[in-house]
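Text of upload35.csv (CSV, C-alpha atoms) as supplied:
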chain,number,residue,atom,x,y,z
A,1,MET,CA,0.0,0.0,0.0
A,2,PRO,CA,1.5,3.4,-0.9
A,3,ALA,CA,2.4,5.8,1.9
A,4,ARG,CA,-0.2,8.4,2.8
A,5,VAL,CA,2.4,10.7,4.4
A,6,GLU,CA,6.1,10.6,3.7
A,7,ALA,CA,9.1,12.5,5.0
A,8,ARG,CA,12.1,12.6,2.7
A,9,LYS,CA,15.4,13.6,4.1
A,10,LEU,CA,13.9,16.3,6.4
A,11,THR,CA,16.6,18.6,7.6
A,12,LYS,CA,16.2,21.8,9.7
A,13,CYS,CA,19.3,23.9,10.5
A,14,TYR,CA,19.6,26.8,12.9
A,15,ALA,CA,22.8,28.9,12.4
A,16,SER,CA,24.1,26.1,10.2
A,17,LEU,CA,23.7,23.5,12.9
A,18,PRO,CA,21.2,20.7,12.1
A,19,ALA,CA,18.4,20.3,14.7
A,20,VAL,CA,17.0,17.6,12.4
A,21,ASP,CA,19.3,15.8,10.0
A,22,GLN,CA,18.0,13.9,6.9
A,23,VAL,CA,15.1,12.2,8.7
A,24,SER,CA,13.0,9.9,6.4
A,25,PHE,CA,10.0,7.8,7.2
A,26,SER,CA,6.6,6.9,5.8
A,27,ILE,CA,3.1,6.2,7.2
A,28,ARG,CA,0.7,4.1,5.4
A,29,PRO,CA,-3.1,4.0,6.0
A,30,GLY,CA,-3.7,2.0,9.2
A,31,GLU,CA,-0.2,2.5,10.6
A,32,LEU,CA,0.5,4.2,13.8
A,33,LEU,CA,4.0,5.5,13.8
A,34,GLY,CA,5.6,6.4,17.2
A,35,CYS,CA,8.4,8.9,17.5
A,36,ILE,CA,10.6,8.9,20.7
A,37,GLY,CA,13.8,10.5,21.7
A,38,ARG,CA,15.5,12.4,24.5
A,39,ASN,CA,14.8,16.1,25.0
A,40,GLY,CA,16.4,18.1,22.2
A,41,SER,CA,16.5,15.1,19.8
A,42,GLY,CA,14.3,16.9,17.3
A,43,LYS,CA,10.8,15.5,17.9
A,44,SER,CA,9.0,18.8,18.1
A,45,THR,CA,10.8,20.2,15.0
A,46,ILE,CA,9.8,17.1,13.0
A,47,VAL,CA,6.2,17.6,14.1
A,48,LYS,CA,6.1,21.2,13.0
A,49,MET,CA,7.6,20.4,9.6
A,50,LEU,CA,5.1,17.5,9.2
A,51,VAL,CA,2.1,19.7,9.8
A,52,GLY,CA,3.5,22.6,7.7
A,53,LEU,CA,4.2,25.1,10.5
A,54,LEU,CA,8.0,25.0,9.8
A,55,GLU,CA,9.7,25.1,6.5
A,56,PRO,CA,12.5,22.5,6.1
A,57,THR,CA,16.0,23.7,5.3
A,58,PHE,CA,16.2,20.6,3.0
A,59,GLY,CA,13.9,17.8,2.2
A,60,GLU,CA,10.2,17.7,2.0
A,61,VAL,CA,6.9,16.2,3.3
A,62,LEU,CA,4.7,14.4,0.8
A,63,PHE,CA,1.0,13.7,1.1
A,64,GLU,CA,-0.2,10.9,-1.2
A,65,GLY,CA,2.9,11.4,-3.2
A,66,VAL,CA,2.7,15.2,-3.7
A,67,SER,CA,4.8,17.7,-1.7
A,68,ILE,CA,2.6,19.5,0.8
A,69,GLY,CA,4.3,22.8,-0.4
A,70,HIS,CA,2.2,22.6,-3.5
A,71,ASN,CA,-1.1,22.6,-1.7
A,72,GLN,CA,-0.8,23.5,2.0
A,73,THR,CA,-4.5,24.4,2.3
A,74,GLY,CA,-5.7,21.1,0.8
A,75,TYR,CA,-3.3,19.1,3.0
A,76,LYS,CA,-4.3,20.8,6.2
A,77,ARG,CA,-8.0,20.2,5.5
A,78,ARG,CA,-7.2,16.5,5.7
A,79,LEU,CA,-5.0,16.8,8.7
A,80,GLY,CA,-5.8,16.6,12.4
A,81,TYR,CA,-3.2,18.1,14.7
A,82,VAL,CA,-2.8,18.0,18.5
A,83,PRO,CA,0.1,20.3,19.5
A,84,GLU,CA,2.3,19.8,22.5
A,85,GLU,CA,0.7,22.8,24.3
A,86,ALA,CA,-3.1,23.4,24.2
A,87,ASN,CA,-2.9,27.1,23.5
A,88,LEU,CA,-6.5,28.1,22.9
A,89,TYR,CA,-8.4,31.4,22.7
A,90,ALA,CA,-9.2,31.9,26.4
A,91,PHE,CA,-12.0,34.4,25.7
A,92,LEU,CA,-14.0,31.8,23.8
A,93,THR,CA,-16.1,29.1,25.3
A,94,GLY,CA,-15.3,25.5,24.4
A,95,TRP,CA,-18.3,25.3,22.0
A,96,GLU,CA,-17.3,28.6,20.4
A,97,TYR,CA,-13.8,27.3,19.8
A,98,LEU,CA,-15.0,24.1,18.1
A,99,GLU,CA,-17.5,26.2,16.1
A,100,LEU,CA,-14.6,28.3,14.9
A,101,VAL,CA,-12.7,25.2,13.8
A,102,ALA,CA,-15.7,23.9,12.0
A,103,THR,CA,-16.2,27.2,10.2
A,104,LEU,CA,-12.5,27.3,9.1
A,105,ARG,CA,-13.0,23.7,7.8
A,106,ARG,CA,-16.2,24.6,6.1
A,107,MET,CA,-18.2,21.9,7.9
A,108,ASN,CA,-21.9,21.7,7.5
A,109,PRO,CA,-23.4,23.4,10.6
A,110,LYS,CA,-25.8,20.5,11.4
A,111,ARG,CA,-23.0,17.9,10.9
A,112,PHE,CA,-20.8,20.0,13.2
A,113,GLU,CA,-23.4,20.2,15.9
A,114,GLU,CA,-24.1,16.5,15.9
A,115,LYS,CA,-20.5,15.5,15.9
A,116,ALA,CA,-19.3,18.1,18.5
A,117,SER,CA,-22.1,17.2,20.9
A,118,ALA,CA,-21.4,13.5,20.7
A,119,MET,CA,-17.7,13.9,21.3
A,120,LEU,CA,-18.1,16.5,24.1
A,121,GLU,CA,-20.6,14.1,25.8
A,122,ALA,CA,-18.2,11.1,25.4
A,123,LEU,CA,-15.3,13.1,26.9
A,124,THR,CA,-17.5,14.5,29.8
A,125,MET,CA,-17.1,18.0,28.4
A,126,PHE,CA,-20.7,18.6,27.4
A,127,PRO,CA,-21.8,20.3,30.6
A,128,HIS,CA,-18.8,22.7,30.3
A,129,ARG,CA,-19.3,23.6,26.6
A,130,GLY,CA,-20.6,27.1,27.5
A,131,SER,CA,-17.8,27.9,30.0
A,132,LEU,CA,-14.9,30.1,29.0
A,133,ILE,CA,-11.7,28.3,28.1
A,134,ALA,CA,-10.0,30.6,30.6
A,135,SER,CA,-11.7,28.6,33.3
A,136,TYR,CA,-10.7,25.2,32.0
A,137,SER,CA,-8.1,22.9,33.6
A,138,LYS,CA,-5.2,21.6,31.5
A,139,GLY,CA,-7.0,18.3,31.0
A,140,MET,CA,-10.2,20.1,29.9
A,141,ARG,CA,-8.3,22.1,27.3
A,142,GLN,CA,-6.6,19.0,26.1
A,143,ARG,CA,-9.9,17.3,25.5
A,144,ILE,CA,-11.1,20.3,23.5
A,145,VAL,CA,-7.9,20.2,21.3
A,146,LEU,CA,-8.4,16.5,20.7
A,147,ILE,CA,-12.0,17.0,19.7
A,148,ALA,CA,-11.0,19.8,17.3
A,149,ALA,CA,-8.4,17.6,15.7
A,150,MET,CA,-10.9,14.7,15.0
A,151,LEU,CA,-13.9,16.9,14.2
A,152,ASP,CA,-13.7,16.8,10.4
A,153,ASP,CA,-12.7,13.1,10.1
A,154,PRO,CA,-9.1,13.7,8.9
A,155,ASP,CA,-7.1,11.2,6.9
A,156,VAL,CA,-3.9,12.0,8.9
A,157,LEU,CA,-3.5,12.6,12.6
A,158,VAL,CA,-0.3,14.2,14.0
A,159,LEU,CA,-0.4,13.9,17.8
A,160,ASP,CA,2.3,15.6,19.9
A,161,GLU,CA,2.0,14.3,23.5
A,162,PRO,CA,-1.8,14.0,23.2
A,163,PHE,CA,-2.3,12.6,26.7
A,164,SER,CA,-0.8,15.6,28.5
A,165,GLY,CA,-3.0,16.6,31.4
A,166,LEU,CA,-5.6,13.9,30.9
A,167,ASP,CA,-6.9,11.8,33.8
A,168,VAL,CA,-6.6,8.1,33.7
A,169,SER,CA,-10.2,7.4,32.4
A,170,SER,CA,-9.9,10.0,29.6
A,171,ALA,CA,-6.4,8.8,28.6
A,172,LEU,CA,-7.7,5.2,28.3
A,173,VAL,CA,-10.7,6.3,26.2
A,174,VAL,CA,-8.5,8.5,23.9
A,175,ARG,CA,-5.9,5.6,23.5
A,176,LYS,CA,-8.7,3.3,22.3
A,177,VAL,CA,-10.0,6.0,20.0
A,178,ILE,CA,-6.6,6.4,18.4
A,179,GLN,CA,-6.2,2.7,17.9
A,180,ARG,CA,-9.6,2.3,16.3
A,181,LEU,CA,-9.1,5.3,14.0
A,182,ALA,CA,-5.8,3.7,12.8
A,183,GLU,CA,-7.6,0.4,12.3
A,184,GLU,CA,-10.1,2.2,10.1
A,185,GLY,CA,-7.3,3.5,7.8
A,186,LYS,CA,-6.1,6.7,9.3
A,187,ALA,CA,-2.3,7.4,9.1
A,188,VAL,CA,-1.2,8.4,12.6
A,189,PHE,CA,2.1,10.1,13.8
A,190,PHE,CA,2.4,9.9,17.6
A,191,SER,CA,5.1,11.6,19.6
A,192,SER,CA,5.3,11.0,23.3
A,193,PRO,CA,7.9,10.8,26.1
A,194,VAL,CA,5.9,8.0,27.8
A,195,LEU,CA,7.5,4.8,26.5
A,196,GLU,CA,4.8,2.5,27.9
A,197,VAL,CA,2.1,4.3,26.0
A,198,VAL,CA,4.1,4.2,22.7
A,199,GLU,CA,4.8,0.5,23.2
A,200,LYS,CA,1.1,-0.4,23.7
A,201,LEU,CA,-0.2,1.9,21.0
A,202,CYS,CA,2.1,2.0,18.0
A,203,SER,CA,2.6,-0.4,15.2
A,204,HIS,CA,5.9,1.2,14.0
A,205,LEU,CA,8.5,3.3,15.6
A,206,ILE,CA,11.4,5.7,14.9
A,207,ILE,CA,14.0,6.5,17.6
A,208,LEU,CA,15.8,9.8,17.4
A,209,ARG,CA,19.3,10.7,18.7
A,210,ARG,CA,20.6,14.2,18.2
A,211,GLY,CA,18.3,14.9,15.3
A,212,SER,CA,18.9,11.7,13.4
A,213,ILE,CA,17.0,8.4,13.2
A,214,VAL,CA,19.0,5.6,14.9
A,215,ALA,CA,16.3,2.9,14.6
A,216,SER,CA,13.1,2.5,12.7
A,217,GLY,CA,10.7,-0.2,11.6
A,218,SER,CA,8.0,-2.3,13.2
A,219,MET,CA,8.0,-2.4,17.0
A,220,ASP,CA,9.4,-6.0,17.1
A,221,LYS,CA,12.2,-5.1,14.6
A,222,VAL,CA,13.3,-2.1,16.7
A,223,ARG,CA,13.4,-4.2,19.9
A,224,ALA,CA,15.3,-7.0,18.2
A,225,GLY,CA,17.8,-4.7,16.6
A,226,SER,CA,18.9,-3.2,19.9
A,227,GLY,CA,20.1,-6.5,21.3
A,228,ALA,CA,18.4,-5.5,24.6
A,229,THR,CA,16.0,-7.6,26.6
A,230,PRO,CA,12.4,-7.5,25.2
A,231,GLY,CA,10.9,-4.2,26.2
A,232,LEU,CA,11.0,-0.7,24.8
A,233,GLU,CA,12.7,1.0,27.7
A,234,ASP,CA,15.9,-1.0,27.5
A,235,ALA,CA,15.9,-0.8,23.7
A,236,PHE,CA,15.5,3.0,23.9
A,237,LEU,CA,18.5,3.3,26.2
A,238,GLU,CA,20.6,1.0,24.0
A,239,TRP,CA,19.8,3.0,20.8
A,240,THR,CA,20.0,6.5,22.2
A,241,GLU,CA,22.8,6.3,24.8
A,242,HIS,CA,24.4,2.9,24.4
A,243,VAL,CA,24.2,2.3,28.1
A,244,ASP,CA,23.3,-0.7,30.3
A,245,ALA,CA,20.2,0.4,32.2
A,246,ASP,CA,20.4,-2.4,34.7
A,247,GLN,CA,24.0,-1.7,35.5
A,248,ILE,CA,23.4,2.1,36.0
A,249,ALA,CA,20.4,1.3,38.2
A,250,ASN,CA,22.6,-1.1,40.3
A,251,ASN,CA,25.2,1.6,40.7
A,252,ILE,CA,22.7,4.1,41.9
A,253,VAL,CA,21.1,1.7,44.4
A,254,ALA,CA,24.6,0.8,45.7
A,255,ALA,CA,25.3,4.5,46.2
A,256,VAL,CA,21.9,5.0,48.0
A,257,ARG,CA,22.6,2.0,50.2
A,258,ALA,CA,26.2,2.8,51.0
A,259,PRO,CA,26.7,3.0,54.8
A,260,GLY,CA,27.3,6.4,56.3
A,261,ARG,CA,30.4,7.4,58.3
Could you quickly redo this structure as structure tokens?
Amino acid sequence: MPARVEARKLTKCYASLPAVDQVSFSIRPGELLGCIGRNGSGKSTIVKMLVGLLEPTFGEVLFEGVSIGHNQTGYKRRLGYVPEEANLYAFLTGWEYLELVATLRRMNPKRFEEKASAMLEALTMFPHRGSLIASYSKGMRQRIVLIAAMLDDPDVLVLDEPFSGLDVSSALVVRKVIQRLAEEGKAVFFSSPVLEVVEKLCSHLIILRRGSIVASGSMDKVRAGSGATPGLEDAFLEWTEHVDADQIANNIVAAVRAPGR
């Protein structure tokens, strides 16, 4: 199956230094690609280039085989994006914000009302739809952003730490929603620092180190390639830092347990 979204040698330089260096990957319909790396490894820069908010220094992003630079507006209409920070218009109510998104996406008003009401109800936000966003908690803002991203049934979802601020119940529901949307043919890019979530959710993975991909492929392939014990945490440390997590943990525990004078 051809890729729905493809990154080709994405490179972003600041003052001639690459923050992202020749990163390439593809996401086919039904695939859920996880992206992990230490702080400063280039995750957020890749996300911003992937959604068209940042122009690559070199390389390009393609949607269904065509560079997104040729039709940014058309691409964004088929894209759902959850940013790392839920920066919303605080002077709007939750409903007004979703209404604004629907207007920009040229959604049928009746279709918008039905879909927004159903999703607000499902995520326990319906009673708060008329409250100002300024009064929302972080988790409430995050739920509004998630609804906005899914509102117009996008073909591509780019999720940058989508569970930030969510309570356990909401996070569980959202995880199942993301899985089912992928099963129905969405192409999903998922960036998160929580390895357990990535391991449970994603079908494929890229691991970044200092702006470059050091491992990619199916989850099983990445685990096997590291030579670490089965489990993403150890594989991640092997690929990114080439360290023995068990030995480091033993050293720290030994220091903690060392007798005093």
What is the CA of Asp152 (chain A)-CA of Gly74 (chain A) distance in Å, reported with one decimal?
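Pair CA of Asp152 (chain A) / CA of Gly74 (chain A) returns 13.2 Å.
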Padding 3 Å on every side, please: axis-aligned box over the listed atoms of region 145-158 of chain A, centre and edge lengths to one decimal in Å, as AutoDock Vina command-line options.
--center_x -7.1 --center_y 15.7 --center_z 14.1 --size_x 19.6 --size_y 15.0 --size_z 20.4
Name all residues at most 12 Å from Val177 (chain A) (count only C-alpha atoms; drop same-chain ones fewer than 2 positions away) and give them as a list in words.
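Near Val177 (chain A), the qualifying residues are Met119, Ala122, Leu123, Leu146, Ile147, Met150, Leu157, Pro162, Ser170, Ala171, Leu172, Val173, Val174, Arg175, Gln179, Arg180, Leu181, Ala182, Glu183, Glu184, Lys186, Val188 and Leu201 of chain A.
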A:Ser16, A:Thr93, A:Gln142, A:Ser26 ranked by distance to Ala187 (chain A), top pick (using all atoms listed in the file):
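Residue with the minimum atom-to-atom distance to Ala187 (chain A): A:Ser26.
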Kindly indicate which residue among A:Pro259, A:Gly165, A:Gly65, A:Gly185 lies nearest to Lys138 (chain A), using only C-alpha atoms for the distances.
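Closest to Lys138 (chain A) of all the choices is A:Gly165.
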So how far away is CA of His128 (chain A) from CA of Asp167 (chain A), in Å?
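Result for CA of Asp167 (chain A) versus CA of His128 (chain A): 16.5 Å, one decimal.
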Spatial neighbours of region 82-89 of chain A, 12 Å, all atoms listed in the file, chain gap at least 2 places, as a PyMOL selection string:
chain A and resi 43-45+47-48+50-51+53+79-80+91-98+100-101+132-151+156-166+188-193
Pick from A:Val214, A:Ile27, A:Leu208, A:Met125, whichever lies nearest to Met1 (chain A) using all atoms listed in the file:
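Looking at the shortest contact to Met1 (chain A), the residue is A:Ile27.
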